[in-house]
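For reference, protein21.json is printed below; it contains JSON, C-alpha atoms.
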```json
[["chain", "number", "residue", "atom", "x", "y", "z"],
["A", 4, "MET", "CA", 74.50, 30.69, 108.27],
["A", 5, "ILE", "CA", 76.23, 32.85, 105.70],
["A", 6, "PHE", "CA", 73.32, 35.32, 105.95],
["A", 7, "PHE", "CA", 73.76, 35.72, 109.74],
["A", 8, "GLN", "CA", 77.53, 36.01, 109.39],
["A", 9, "GLY", "CA", 76.95, 38.86, 106.95],
["A", 10, "ILE", "CA", 74.64, 40.61, 109.40],
["A", 11, "PHE", "CA", 77.16, 40.26, 112.23],
["A", 12, "LEU", "CA", 79.94, 41.60, 109.98],
["A", 13, "PHE", "CA", 77.79, 44.60, 108.96],
["A", 14, "LEU", "CA", 76.94, 45.39, 112.60],
["A", 15, "ALA", "CA", 80.57, 45.10, 113.65],
["A", 16, "MET", "CA", 81.67, 47.46, 110.87],
["A", 17, "SER", "CA", 78.90, 49.93, 111.76],
["A", 18, "LEU", "CA", 79.83, 49.91, 115.43],
["A", 19, "GLY", "CA", 83.48, 50.35, 114.54],
["A", 20, "LEU", "CA", 82.66, 53.34, 112.34],
["A", 21, "ALA", "CA", 80.47, 54.88, 115.05],
["A", 22, "ASN", "CA", 83.23, 54.44, 117.63],
["A", 23, "ALA", "CA", 85.76, 55.99, 115.27],
["A", 24, "GLU", "CA", 83.48, 58.98, 114.70],
["A", 25, "SER", "CA", 82.81, 59.37, 118.43],
["A", 26, "ASN", "CA", 86.56, 59.58, 119.02],
["A", 27, "VAL", "CA", 86.90, 62.59, 116.72],
["A", 28, "PRO", "CA", 87.21, 65.58, 119.08],
["A", 29, "VAL", "CA", 85.03, 68.65, 118.87],
["A", 30, "LEU", "CA", 87.35, 71.64, 118.68],
["A", 31, "GLN", "CA", 86.51, 74.37, 121.18],
["A", 32, "ALA", "CA", 87.10, 77.51, 119.11],
["A", 33, "LEU", "CA", 87.93, 80.37, 121.48],
["A", 34, "THR", "CA", 88.03, 83.98, 120.39],
["A", 35, "GLU", "CA", 87.50, 87.57, 121.56],
["A", 36, "ALA", "CA", 85.47, 90.56, 120.44],
["A", 37, "LEU", "CA", 87.76, 91.92, 117.73],
["A", 38, "PRO", "CA", 85.49, 93.03, 114.90],
["A", 39, "PRO", "CA", 85.41, 92.63, 112.01],
["A", 40, "LEU", "CA", 87.59, 89.52, 112.47],
["A", 41, "ASN", "CA", 85.59, 87.99, 115.31],
["A", 42, "PHE", "CA", 82.56, 89.26, 117.18],
["A", 43, "GLU", "CA", 79.11, 88.22, 118.39],
["A", 44, "GLN", "CA", 75.95, 89.19, 116.54],
["A", 45, "ASP", "CA", 72.43, 88.00, 117.39],
["A", 46, "GLY", "CA", 73.88, 85.40, 119.75],
["A", 47, "LYS", "CA", 76.24, 83.96, 117.12],
["A", 48, "VAL", "CA", 80.02, 84.21, 116.91],
["A", 49, "THR", "CA", 80.75, 85.58, 113.45],
["A", 50, "GLY", "CA", 83.20, 87.79, 111.54],
["A", 51, "PHE", "CA", 85.85, 87.22, 108.89],
["A", 52, "SER", "CA", 88.01, 84.79, 110.86],
["A", 53, "SER", "CA", 84.99, 82.97, 112.32],
["A", 54, "GLU", "CA", 83.39, 82.37, 108.92],
["A", 55, "LEU", "CA", 86.75, 81.37, 107.49],
["A", 56, "LEU", "CA", 87.20, 78.80, 110.27],
["A", 57, "ASP", "CA", 83.68, 77.44, 109.62],
["A", 58, "LEU", "CA", 84.54, 76.90, 105.95],
["A", 59, "MET", "CA", 87.85, 75.23, 106.83],
["A", 60, "ALA", "CA", 86.25, 72.92, 109.40],
["A", 61, "GLN", "CA", 83.56, 71.91, 106.92],
["A", 62, "GLU", "CA", 86.20, 71.08, 104.31],
["A", 63, "ALA", "CA", 88.35, 69.18, 106.81],
["A", 64, "GLY", "CA", 85.48, 67.27, 108.46],
["A", 65, "VAL", "CA", 86.12, 68.87, 111.85],
["A", 66, "SER", "CA", 83.39, 69.79, 114.35],
["A", 67, "LEU", "CA", 83.49, 73.18, 116.11],
["A", 68, "GLN", "CA", 81.95, 74.86, 119.11],
["A", 69, "LYS", "CA", 82.76, 78.59, 119.07],
["A", 70, "GLN", "CA", 82.86, 80.75, 122.19],
["A", 71, "LEU", "CA", 83.59, 84.44, 122.58],
["A", 72, "LEU", "CA", 85.48, 85.40, 125.77],
["A", 73, "PRO", "CA", 87.66, 88.23, 127.08],
["A", 74, "TRP", "CA", 91.04, 87.71, 125.43],
["A", 75, "ALA", "CA", 92.92, 87.01, 128.67],
["A", 76, "ARG", "CA", 90.48, 84.19, 129.56],
["A", 77, "ALA", "CA", 90.49, 82.75, 126.05],
["A", 78, "TYR", "CA", 94.29, 82.77, 125.95],
["A", 79, "ASP", "CA", 94.55, 81.15, 129.38],
["A", 80, "ARG", "CA", 92.20, 78.30, 128.38],
["A", 81, "ALA", "CA", 93.90, 77.81, 125.02],
["A", 82, "THR", "CA", 97.33, 77.34, 126.59],
["A", 83, "LYS", "CA", 96.11, 74.60, 128.96],
["A", 84, "PRO", "CA", 95.78, 71.02, 127.63],
["A", 85, "GLY", "CA", 92.58, 70.51, 125.66],
["A", 86, "ASP", "CA", 91.02, 70.31, 122.21],
["A", 87, "THR", "CA", 91.01, 74.07, 121.61],
["A", 88, "VAL", "CA", 91.79, 76.48, 118.81],
["A", 89, "LEU", "CA", 92.44, 80.16, 119.57],
["A", 90, "TYR", "CA", 91.94, 82.97, 117.06],
["A", 91, "SER", "CA", 92.66, 85.55, 115.73],
["A", 92, "LEU", "CA", 96.14, 84.99, 117.13],
["A", 93, "VAL", "CA", 99.33, 86.85, 116.26],
["A", 94, "ARG", "CA", 102.21, 84.46, 115.62],
["A", 95, "THR", "CA", 105.12, 85.80, 117.64],
["A", 96, "PRO", "CA", 108.46, 84.18, 118.59],
["A", 97, "GLU", "CA", 107.44, 83.79, 122.24],
["A", 98, "ARG", "CA", 104.23, 82.00, 121.21],
["A", 99, "GLU", "CA", 105.80, 79.82, 118.51],
["A", 100, "ALA", "CA", 106.19, 76.68, 120.62],
["A", 101, "LEU", "CA", 102.83, 77.04, 122.38],
["A", 102, "PHE", "CA", 100.51, 76.17, 119.47],
["A", 103, "ARG", "CA", 100.08, 74.18, 116.29],
["A", 104, "TRP", "CA", 99.75, 76.91, 113.70],
["A", 105, "VAL", "CA", 97.15, 77.04, 110.95],
["A", 106, "GLY", "CA", 97.10, 79.95, 108.54],
["A", 107, "PRO", "CA", 97.82, 82.71, 108.07],
["A", 108, "ILE", "CA", 94.39, 84.28, 108.32],
["A", 109, "GLY", "CA", 95.52, 87.67, 107.07],
["A", 110, "PRO", "CA", 97.77, 90.69, 107.74],
["A", 111, "ARG", "CA", 97.86, 92.72, 110.93],
["A", 112, "ARG", "CA", 98.64, 96.45, 110.95],
["A", 113, "ILE", "CA", 98.72, 98.11, 114.37],
["A", 114, "LEU", "CA", 98.57, 101.89, 114.60],
["A", 115, "LEU", "CA", 98.62, 104.49, 117.33],
["A", 116, "TYR", "CA", 95.77, 107.01, 116.93],
["A", 117, "ARG", "CA", 94.91, 110.45, 118.30],
["A", 118, "TRP", "CA", 91.79, 112.54, 117.85],
["A", 119, "ALA", "CA", 91.88, 115.08, 115.03],
["A", 120, "ASP", "CA", 91.54, 117.95, 117.52],
["A", 121, "ARG", "CA", 94.58, 116.81, 119.52],
["A", 122, "THR", "CA", 97.04, 118.64, 117.29],
["A", 123, "ASP", "CA", 99.31, 119.01, 120.32],
["A", 124, "ILE", "CA", 100.25, 115.31, 119.97],
["A", 125, "GLN", "CA", 103.00, 114.91, 117.40],
["A", 126, "ALA", "CA", 105.37, 111.94, 117.32],
["A", 127, "LYS", "CA", 108.15, 110.55, 115.18],
["A", 128, "SER", "CA", 109.00, 107.64, 117.50],
["A", 129, "LEU", "CA", 107.69, 105.84, 120.58],
["A", 130, "ASP", "CA", 109.90, 107.96, 122.78],
["A", 131, "ASP", "CA", 107.74, 110.95, 121.84],
["A", 132, "VAL", "CA", 104.59, 109.36, 123.35],
["A", 133, "ARG", "CA", 105.95, 108.07, 126.65],
["A", 134, "GLY", "CA", 104.36, 110.98, 128.51],
["A", 135, "TYR", "CA", 100.80, 110.12, 127.41],
["A", 136, "ARG", "CA", 98.06, 107.77, 128.56],
["A", 137, "ILE", "CA", 97.71, 105.03, 125.93],
["A", 138, "GLY", "CA", 94.70, 102.71, 125.63],
["A", 139, "SER", "CA", 95.48, 99.09, 124.79],
["A", 140, "THR", "CA", 94.14, 95.58, 125.48],
["A", 141, "LEU", "CA", 95.20, 92.95, 128.00],
["A", 142, "GLU", "CA", 97.33, 90.06, 126.71],
["A", 143, "SER", "CA", 97.45, 91.44, 123.16],
["A", 144, "ALA", "CA", 100.67, 91.13, 121.18],
["A", 145, "ALA", "CA", 100.73, 94.91, 120.73],
["A", 146, "THR", "CA", 100.54, 95.45, 124.49],
["A", 147, "LYS", "CA", 103.28, 92.91, 125.13],
["A", 148, "SER", "CA", 105.47, 94.66, 122.58],
["A", 149, "LEU", "CA", 104.97, 98.02, 124.31],
["A", 150, "LEU", "CA", 105.74, 96.45, 127.70],
["A", 151, "ARG", "CA", 109.01, 95.06, 126.31],
["A", 152, "GLN", "CA", 109.88, 98.55, 125.11],
["A", 153, "GLY", "CA", 109.57, 100.03, 128.58],
["A", 154, "PHE", "CA", 105.93, 101.13, 128.77],
["A", 155, "ALA", "CA", 104.20, 100.26, 132.05],
["A", 156, "PRO", "CA", 100.54, 99.76, 133.01],
["A", 157, "ILE", "CA", 98.95, 102.68, 134.81],
["A", 158, "PRO", "CA", 98.62, 101.63, 138.48],
["A", 159, "PRO", "CA", 95.18, 101.35, 140.17],
["A", 160, "GLU", "CA", 95.76, 104.58, 142.05],
["A", 161, "GLY", "CA", 96.06, 106.38, 138.71],
["A", 162, "GLY", "CA", 98.74, 108.20, 136.76],
["A", 163, "THR", "CA", 99.30, 110.62, 133.92],
["A", 164, "ALA", "CA", 101.26, 108.32, 131.62],
["A", 165, "GLY", "CA", 101.45, 104.64, 130.73],
["A", 166, "LEU", "CA", 99.20, 101.88, 129.42],
["A", 167, "ASP", "CA", 95.48, 101.99, 130.23],
["A", 168, "LEU", "CA", 94.58, 98.31, 129.77],
["A", 169, "VAL", "CA", 91.08, 96.93, 129.09],
["A", 170, "VAL", "CA", 89.67, 93.56, 128.00],
["A", 171, "ASN", "CA", 88.78, 94.30, 124.36],
["A", 172, "ASP", "CA", 88.89, 96.84, 121.53],
["A", 173, "GLU", "CA", 85.23, 97.83, 121.89],
["A", 174, "GLN", "CA", 85.76, 98.93, 125.49],
["A", 175, "ASN", "CA", 88.98, 100.62, 124.42],
["A", 176, "MET", "CA", 87.10, 102.67, 121.82],
["A", 177, "ARG", "CA", 84.41, 103.69, 124.33],
["A", 178, "LYS", "CA", 87.07, 104.99, 126.74],
["A", 179, "PHE", "CA", 88.84, 106.78, 123.89],
["A", 180, "ILE", "CA", 85.60, 108.52, 122.88],
["A", 181, "ALA", "CA", 85.12, 109.53, 126.54],
["A", 182, "LYS", "CA", 88.65, 111.06, 126.45],
["A", 183, "ARG", "CA", 89.83, 108.75, 129.24],
["A", 184, "PHE", "CA", 93.23, 108.50, 127.58],
["A", 185, "ASP", "CA", 95.22, 110.34, 124.91],
["A", 186, "LEU", "CA", 96.21, 107.70, 122.35],
["A", 187, "LEU", "CA", 94.57, 104.52, 121.09],
["A", 188, "VAL", "CA", 96.32, 101.30, 120.05],
["A", 189, "SER", "CA", 94.28, 99.53, 117.38],
["A", 190, "LEU", "CA", 94.25, 97.62, 114.13],
["A", 191, "ASP", "CA", 93.59, 100.01, 111.27],
["A", 192, "TRP", "CA", 90.34, 98.41, 110.02],
["A", 193, "ALA", "CA", 89.19, 97.59, 113.57],
["A", 194, "ALA", "CA", 89.54, 101.25, 114.55],
["A", 195, "ALA", "CA", 87.30, 102.23, 111.64],
["A", 196, "PHE", "CA", 84.77, 99.47, 112.43],
["A", 197, "ASN", "CA", 84.50, 100.31, 116.13],
["A", 198, "ALA", "CA", 84.34, 104.06, 115.53],
["A", 199, "LYS", "CA", 81.50, 103.68, 113.02],
["A", 200, "ASN", "CA", 79.58, 101.37, 115.39],
["A", 201, "ALA", "CA", 79.94, 103.99, 118.14],
["A", 202, "GLY", "CA", 78.57, 106.73, 115.87],
["A", 203, "VAL", "CA", 81.94, 108.40, 115.34],
["A", 204, "ASP", "CA", 83.38, 109.41, 111.97],
["A", 205, "PRO", "CA", 86.52, 107.27, 111.43],
["A", 206, "ALA", "CA", 88.10, 110.31, 109.74],
["A", 207, "ASP", "CA", 88.33, 111.89, 113.22],
["A", 208, "LEU", "CA", 90.90, 109.23, 114.16],
["A", 209, "VAL", "CA", 94.34, 110.38, 113.03],
["A", 210, "PRO", "CA", 97.24, 107.89, 112.80],
["A", 211, "VAL", "CA", 100.25, 109.01, 114.83],
["A", 212, "LEU", "CA", 102.62, 106.05, 114.45],
["A", 213, "VAL", "CA", 102.69, 102.62, 112.82],
["A", 214, "LEU", "CA", 103.52, 100.33, 115.72],
["A", 215, "ASP", "CA", 103.81, 97.14, 113.69],
["A", 216, "ASP", "CA", 102.90, 95.87, 110.23],
["A", 217, "SER", "CA", 105.24, 92.88, 110.10],
["A", 218, "LEU", "CA", 103.00, 90.09, 111.43],
["A", 219, "ASN", "CA", 99.90, 88.12, 110.47],
["A", 220, "TYR", "CA", 96.93, 86.61, 112.28],
["A", 221, "TRP", "CA", 96.72, 82.81, 112.61],
["A", 222, "PHE", "CA", 94.63, 80.04, 114.15],
["A", 223, "GLY", "CA", 96.49, 78.48, 117.11],
["A", 224, "LEU", "CA", 95.63, 74.86, 117.90],
["A", 225, "ASN", "CA", 96.44, 73.50, 121.33],
["A", 226, "LEU", "CA", 99.41, 71.10, 121.33],
["A", 227, "ALA", "CA", 97.08, 68.35, 122.58],
["A", 228, "VAL", "CA", 95.20, 68.46, 119.26],
["A", 229, "ASP", "CA", 96.13, 65.73, 116.76],
["A", 230, "PRO", "CA", 98.67, 67.14, 114.24],
["A", 231, "GLU", "CA", 96.60, 65.55, 111.47],
["A", 232, "ILE", "CA", 93.75, 67.94, 112.26],
["A", 233, "ALA", "CA", 96.11, 70.89, 111.85],
["A", 234, "ARG", "CA", 97.29, 69.47, 108.53],
["A", 235, "LYS", "CA", 93.72, 69.02, 107.26],
["A", 236, "LEU", "CA", 92.75, 72.55, 108.28],
["A", 237, "ASN", "CA", 95.78, 73.99, 106.50],
["A", 238, "VAL", "CA", 94.93, 72.04, 103.35],
["A", 239, "ALA", "CA", 91.34, 73.29, 103.59],
["A", 240, "LEU", "CA", 92.54, 76.90, 103.94],
["A", 241, "GLN", "CA", 94.66, 76.63, 100.81],
["A", 242, "LYS", "CA", 91.67, 75.27, 98.89],
["A", 243, "ILE", "CA", 89.47, 78.14, 100.12],
["A", 244, "ARG", "CA", 92.11, 80.64, 99.04],
["A", 245, "SER", "CA", 92.46, 79.10, 95.59],
["A", 246, "ASP", "CA", 88.75, 78.75, 94.77],
["A", 247, "GLY", "CA", 87.85, 82.37, 95.54],
["A", 248, "ARG", "CA", 85.92, 81.97, 98.80],
["A", 249, "TYR", "CA", 88.66, 83.68, 100.81],
["A", 250, "ALA", "CA", 88.52, 86.76, 98.57],
["A", 251, "GLN", "CA", 84.72, 86.84, 98.90],
["A", 252, "LEU", "CA", 85.01, 86.90, 102.70],
["A", 253, "ARG", "CA", 87.55, 89.74, 102.56],
["A", 254, "GLN", "CA", 85.13, 91.69, 100.39],
["A", 255, "LYS", "CA", 82.34, 91.04, 102.89],
["A", 256, "TYR", "CA", 84.21, 92.05, 106.04],
["A", 257, "LEU", "CA", 87.61, 93.68, 105.70],
["A", 258, "LEU", "CA", 87.06, 95.99, 102.73],
["A", 259, "LYS", "CA", 83.70, 97.11, 104.14],
["A", 260, "ALA", "CA", 85.31, 97.97, 107.46],
["A", 261, "ALA", "CA", 88.07, 99.98, 105.80],
["A", 262, "ARG", "CA", 85.66, 102.31, 103.94]]
```
What would you get if you wrote out this structure as structure tokens?
Amino acid sequence: MIFFQGIFLFLAMSLGLANAESNVPVLQALTEALPPLNFEQDGKVTGFSSELLDLMAQEAGVSLQKQLLPWARAYDRATKPGDTVLYSLVRTPEREALFRWVGPIGPRRILLYRWADRTDIQAKSLDDVRGYRIGSTLESAATKSLLRQGFAPIPPEGGTAGLDLVVNDEQNMRKFIAKRFDLLVSLDWAAAFNAKNAGVDPADLVPVLVLDDSLNYWFGLNLAVDPEIARKLNVALQKIRSDGRYAQLRQKYLLKAAR
């Protein structure tokens, strides 16, 4: 009798553990093509932020399914209820209450670039570039900042000045190389990465203005995600920083892109 009671107790505990594990959500990790932070290679979502998130999830015991989307679609999904995490996300005041924040991932330095042969473009402030076509990305924090400062999207019928908006930095670089606009909005290391991938010498990109170097990139968890998951991921990130793995990833991705 005692033997059978023990078997029943073991089965009950096993079923309870299985049910508990089945209730642990799989985080849908949504990101965009923003190399070298996040991009797709050989059918896999990779990059500095992606590998960092993998390490954090492993440490925290969290399951992930990563998906690369146009930023506007990723942002839209991440702000609707669900078990999602959005990255690499700039933490701004208007976004503060929309996510559970994990991070920071690393610094963000946004510059305005011209081609080396466009010596006619000289600027000391944003007011000096209002008469130019400027390439930027939809729903990015940099674009939203420019919109708040009075810049407007170029209308479908065309125009000589304003924001020429596309879905990602790679497309932005292609249009810049094709001379479709005058100035490029980009992260410093992303500009170098995308230029090199397109067969262009990054030295041909000349910084005109620093638009912003005050913010960082973060992981943004949907508010529907258990706060305990956010806490575990933050603890995991601190461990990864302290044991040297974070520095190794920077060496692999960010420093390489800056050269």
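Non-sequential neighbours of Leu252 (chain A) (distance at most 9 Å, separation of 5 or more positions within a chain, only C-alpha atoms) are Phe51, Ser52, Glu54, Leu55, Gly247 and Leu257 of chain A.
A straight line drawn from CA of Arg183 (chain A) to CA of Gly50 (chain A) is 28.2 Å long.
Candidate residues A:Gln44, A:Thr87, A:Ser128, A:Thr82 were compared for distance to Leu30 (chain A), and the nearest is A:Thr87, using only C-alpha atoms.
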Please provide the set of residues having any atom within 12 Å of Leu218 (chain A), restricted to all atoms listed in the file, with same-chain residues fewer than 2 positions apart removed, written as a VMD selection string. chain A and resid 92 to 96 107 to 113 144 to 145 190 214 to 216 220 to 221
Selection: 10 Å around Lys178 (chain A), all atoms listed in the file, excl. self and same-chain fewer than 6 positions, as a PDB file with C-alpha atoms, keeping the file's coordinate frame:
```
ATOM      1  CA  GLY A 138      94.700 102.710 125.630  1.00  0.00           C
ATOM      2  CA  ASP A 167      95.480 101.990 130.230  1.00  0.00           C
ATOM      3  CA  VAL A 169      91.080  96.930 129.090  1.00  0.00           C
ATOM      4  CA  ASP A 172      88.890  96.840 121.530  1.00  0.00           C
ATOM      5  CA  PHE A 184      93.230 108.500 127.580  1.00  0.00           C
ATOM      6  CA  ASP A 185      95.220 110.340 124.910  1.00  0.00           C
ATOM      7  CA  LEU A 187      94.570 104.520 121.090  1.00  0.00           C
TER       8      LEU A 187
END
```
Against region 238-246 of chain A, which residues of region 39-96 of chain A fall within 12 Å? For each one I want the closest pair of atoms and the distance in Å (one decimal), counting only C-alpha atoms, rows by chain and increasing residue number, as a Markdown table.
```
| residue | atom | partner | partner_atom | distance |
| --- | --- | --- | --- | --- |
| A:Ser52 | CA | A:Leu240 | CA | 11.4 |
| A:Glu54 | CA | A:Ile243 | CA | 11.5 |
| A:Leu55 | CA | A:Leu240 | CA | 8.1 |
| A:Leu56 | CA | A:Leu240 | CA | 8.5 |
| A:Asp57 | CA | A:Leu240 | CA | 10.5 |
| A:Leu58 | CA | A:Ile243 | CA | 7.7 |
| A:Met59 | CA | A:Ala239 | CA | 5.1 |
| A:Ala60 | CA | A:Ala239 | CA | 7.7 |
| A:Gln61 | CA | A:Ala239 | CA | 8.6 |
| A:Glu62 | CA | A:Ala239 | CA | 5.6 |
| A:Ala63 | CA | A:Ala239 | CA | 6.0 |
| A:Gly64 | CA | A:Ala239 | CA | 9.7 |
| A:Val65 | CA | A:Ala239 | CA | 10.7 |
```
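Each of A:Leu186, A:Val105, A:Ala75, A:Ala119 was checked against Asn219 (chain A) using all atoms listed in the file; the smallest atom-to-atom distance is that of A:Val105.
CA of Glu35 (chain A) to CA of Leu89 (chain A) spans 9.1 Å [interatomic distance, one decimal].
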Would you list the contacts of Gly162 (chain A) as an MDAnalysis selection string, taking every protein, DNA or RNA residue within 10 Å and counting only C-alpha atoms, but skipping same-chain residues closer than 5 positions in sequence? chainID A and resid 135:136 156:157 167
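Straight-line separation from CA of Leu33 (chain A) to CA of Leu150 (chain A): 24.8 Å.
For the residues A:Trp118, A:Leu37, A:Ile124, A:Pro73, ranking by smallest atom-to-atom distance to Pro205 (chain A) using only C-alpha atoms places A:Trp118 first.
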Excluding Leu72 (chain A) and its own-chain neighbours fewer than 2 positions away, which residues fall within 10 Å of it when counting all atoms listed in the file? Please give them as an MDAnalysis selection string. chainID A and resid 33:36 42 69:70 74:78 170:171
To test the calculation: enclose all listed atoms of region 216-228 of chain A in a box whose edges run along x, y and z, add 6 Å on each side, then state centre and edge lengths in Å to one decimal, as AutoDock Vina command-line options.
```
--center_x 99.9 --center_y 82.1 --center_z 116.3 --size_x 22.6 --size_y 39.5 --size_z 24.5
```
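Closest approach to Lys147 (chain A) among A:Leu168, A:Ala181, A:Leu101, A:Gly161: A:Leu168, based on only C-alpha atoms.
The shortest atom-to-atom distance to Pro84 (chain A), with only C-alpha atoms taken into account, belongs to A:Leu226 out of A:Ala198, A:Leu226, A:Leu67, A:Leu236.
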Could region 220-228 of chain A be completed with all heavy atoms and written as a PDB file, in the coordinates of the input, please?
```pdb
ATOM      1  N   TYR A 220      97.799  87.350 111.367  1.00  0.00           N
ATOM      2  CA  TYR A 220      96.930  86.610 112.280  1.00  0.00           C
ATOM      3  C   TYR A 220      96.840  85.153 111.843  1.00  0.00           C
ATOM      4  O   TYR A 220      96.814  84.844 110.652  1.00  0.00           O
ATOM      5  CB  TYR A 220      95.532  87.220 112.307  1.00  0.00           C
ATOM      6  CG  TYR A 220      95.434  88.444 113.168  1.00  0.00           C
ATOM      7  CD1 TYR A 220      95.248  89.701 112.602  1.00  0.00           C
ATOM      8  CD2 TYR A 220      95.542  88.352 114.558  1.00  0.00           C
ATOM      9  CE1 TYR A 220      95.153  90.833 113.397  1.00  0.00           C
ATOM     10  CE2 TYR A 220      95.446  89.483 115.350  1.00  0.00           C
ATOM     11  CZ  TYR A 220      95.257  90.711 114.765  1.00  0.00           C
ATOM     12  OH  TYR A 220      95.174  91.830 115.556  1.00  0.00           O
ATOM     13  N   TRP A 221      96.764  84.253 112.845  1.00  0.00           N
ATOM     14  CA  TRP A 221      96.720  82.810 112.610  1.00  0.00           C
ATOM     15  C   TRP A 221      95.657  82.184 113.510  1.00  0.00           C
ATOM     16  O   TRP A 221      95.153  82.807 114.447  1.00  0.00           O
ATOM     17  CB  TRP A 221      98.070  82.172 112.948  1.00  0.00           C
ATOM     18  CG  TRP A 221      99.196  82.559 112.045  1.00  0.00           C
ATOM     19  CD1 TRP A 221      99.797  83.783 111.954  1.00  0.00           C
ATOM     20  CD2 TRP A 221      99.868  81.718 111.103  1.00  0.00           C
ATOM     21  NE1 TRP A 221     100.798  83.755 111.018  1.00  0.00           N
ATOM     22  CE2 TRP A 221     100.870  82.502 110.481  1.00  0.00           C
ATOM     23  CE3 TRP A 221      99.733  80.383 110.737  1.00  0.00           C
ATOM     24  CZ2 TRP A 221     101.716  81.986 109.510  1.00  0.00           C
ATOM     25  CZ3 TRP A 221     100.583  79.865 109.768  1.00  0.00           C
ATOM     26  CH2 TRP A 221     101.556  80.669 109.161  1.00  0.00           C
ATOM     27  N   PHE A 222      95.361  80.909 113.236  1.00  0.00           N
ATOM     28  CA  PHE A 222      94.630  80.040 114.150  1.00  0.00           C
ATOM     29  C   PHE A 222      95.676  79.255 114.947  1.00  0.00           C
ATOM     30  O   PHE A 222      96.592  78.667 114.356  1.00  0.00           O
ATOM     31  CB  PHE A 222      93.728  79.069 113.401  1.00  0.00           C
ATOM     32  CG  PHE A 222      92.657  79.723 112.585  1.00  0.00           C
ATOM     33  CD1 PHE A 222      92.777  79.814 111.205  1.00  0.00           C
ATOM     34  CD2 PHE A 222      91.522  80.253 113.183  1.00  0.00           C
ATOM     35  CE1 PHE A 222      91.799  80.422 110.440  1.00  0.00           C
ATOM     36  CE2 PHE A 222      90.541  80.863 112.432  1.00  0.00           C
ATOM     37  CZ  PHE A 222      90.674  80.948 111.049  1.00  0.00           C
ATOM     38  N   GLY A 223      95.538  79.219 116.279  1.00  0.00           N
ATOM     39  CA  GLY A 223      96.490  78.480 117.110  1.00  0.00           C
ATOM     40  C   GLY A 223      95.822  77.293 117.770  1.00  0.00           C
ATOM     41  O   GLY A 223      94.996  77.448 118.667  1.00  0.00           O
ATOM     42  N   LEU A 224      96.175  76.082 117.312  1.00  0.00           N
ATOM     43  CA  LEU A 224      95.630  74.860 117.900  1.00  0.00           C
ATOM     44  C   LEU A 224      96.451  74.463 119.121  1.00  0.00           C
ATOM     45  O   LEU A 224      97.689  74.571 119.124  1.00  0.00           O
ATOM     46  CB  LEU A 224      95.640  73.712 116.891  1.00  0.00           C
ATOM     47  CG  LEU A 224      94.414  73.591 115.976  1.00  0.00           C
ATOM     48  CD1 LEU A 224      94.326  74.795 115.044  1.00  0.00           C
ATOM     49  CD2 LEU A 224      94.469  72.303 115.174  1.00  0.00           C
ATOM     50  N   ASN A 225      95.762  74.002 120.151  1.00  0.00           N
ATOM     51  CA  ASN A 225      96.440  73.500 121.330  1.00  0.00           C
ATOM     52  C   ASN A 225      97.340  72.330 120.947  1.00  0.00           C
ATOM     53  O   ASN A 225      97.027  71.551 120.044  1.00  0.00           O
ATOM     54  CB  ASN A 225      95.405  73.045 122.370  1.00  0.00           C
ATOM     55  CG  ASN A 225      96.017  72.767 123.721  1.00  0.00           C
ATOM     56  OD1 ASN A 225      96.600  71.711 123.944  1.00  0.00           O
ATOM     57  ND2 ASN A 225      95.883  73.712 124.630  1.00  0.00           N
ATOM     58  N   LEU A 226      98.463  72.179 121.646  1.00  0.00           N
ATOM     59  CA  LEU A 226      99.410  71.100 121.330  1.00  0.00           C
ATOM     60  C   LEU A 226      98.823  69.722 121.570  1.00  0.00           C
ATOM     61  O   LEU A 226      99.341  68.726 121.050  1.00  0.00           O
ATOM     62  CB  LEU A 226     100.690  71.281 122.160  1.00  0.00           C
ATOM     63  CG  LEU A 226     101.504  72.557 121.878  1.00  0.00           C
ATOM     64  CD1 LEU A 226     102.722  72.615 122.796  1.00  0.00           C
ATOM     65  CD2 LEU A 226     101.928  72.606 120.417  1.00  0.00           C
ATOM     66  N   ALA A 227      97.728  69.640 122.343  1.00  0.00           N
ATOM     67  CA  ALA A 227      97.080  68.350 122.580  1.00  0.00           C
ATOM     68  C   ALA A 227      96.254  67.899 121.378  1.00  0.00           C
ATOM     69  O   ALA A 227      95.858  66.732 121.302  1.00  0.00           O
ATOM     70  CB  ALA A 227      96.183  68.434 123.819  1.00  0.00           C
ATOM     71  N   VAL A 228      95.985  68.795 120.443  1.00  0.00           N
ATOM     72  CA  VAL A 228      95.200  68.460 119.260  1.00  0.00           C
ATOM     73  C   VAL A 228      96.044  67.632 118.297  1.00  0.00           C
ATOM     74  O   VAL A 228      97.226  67.916 118.090  1.00  0.00           O
ATOM     75  CB  VAL A 228      94.684  69.733 118.562  1.00  0.00           C
ATOM     76  CG1 VAL A 228      93.930  69.386 117.284  1.00  0.00           C
ATOM     77  CG2 VAL A 228      93.783  70.527 119.504  1.00  0.00           C
TER      78      VAL A 228
END
```
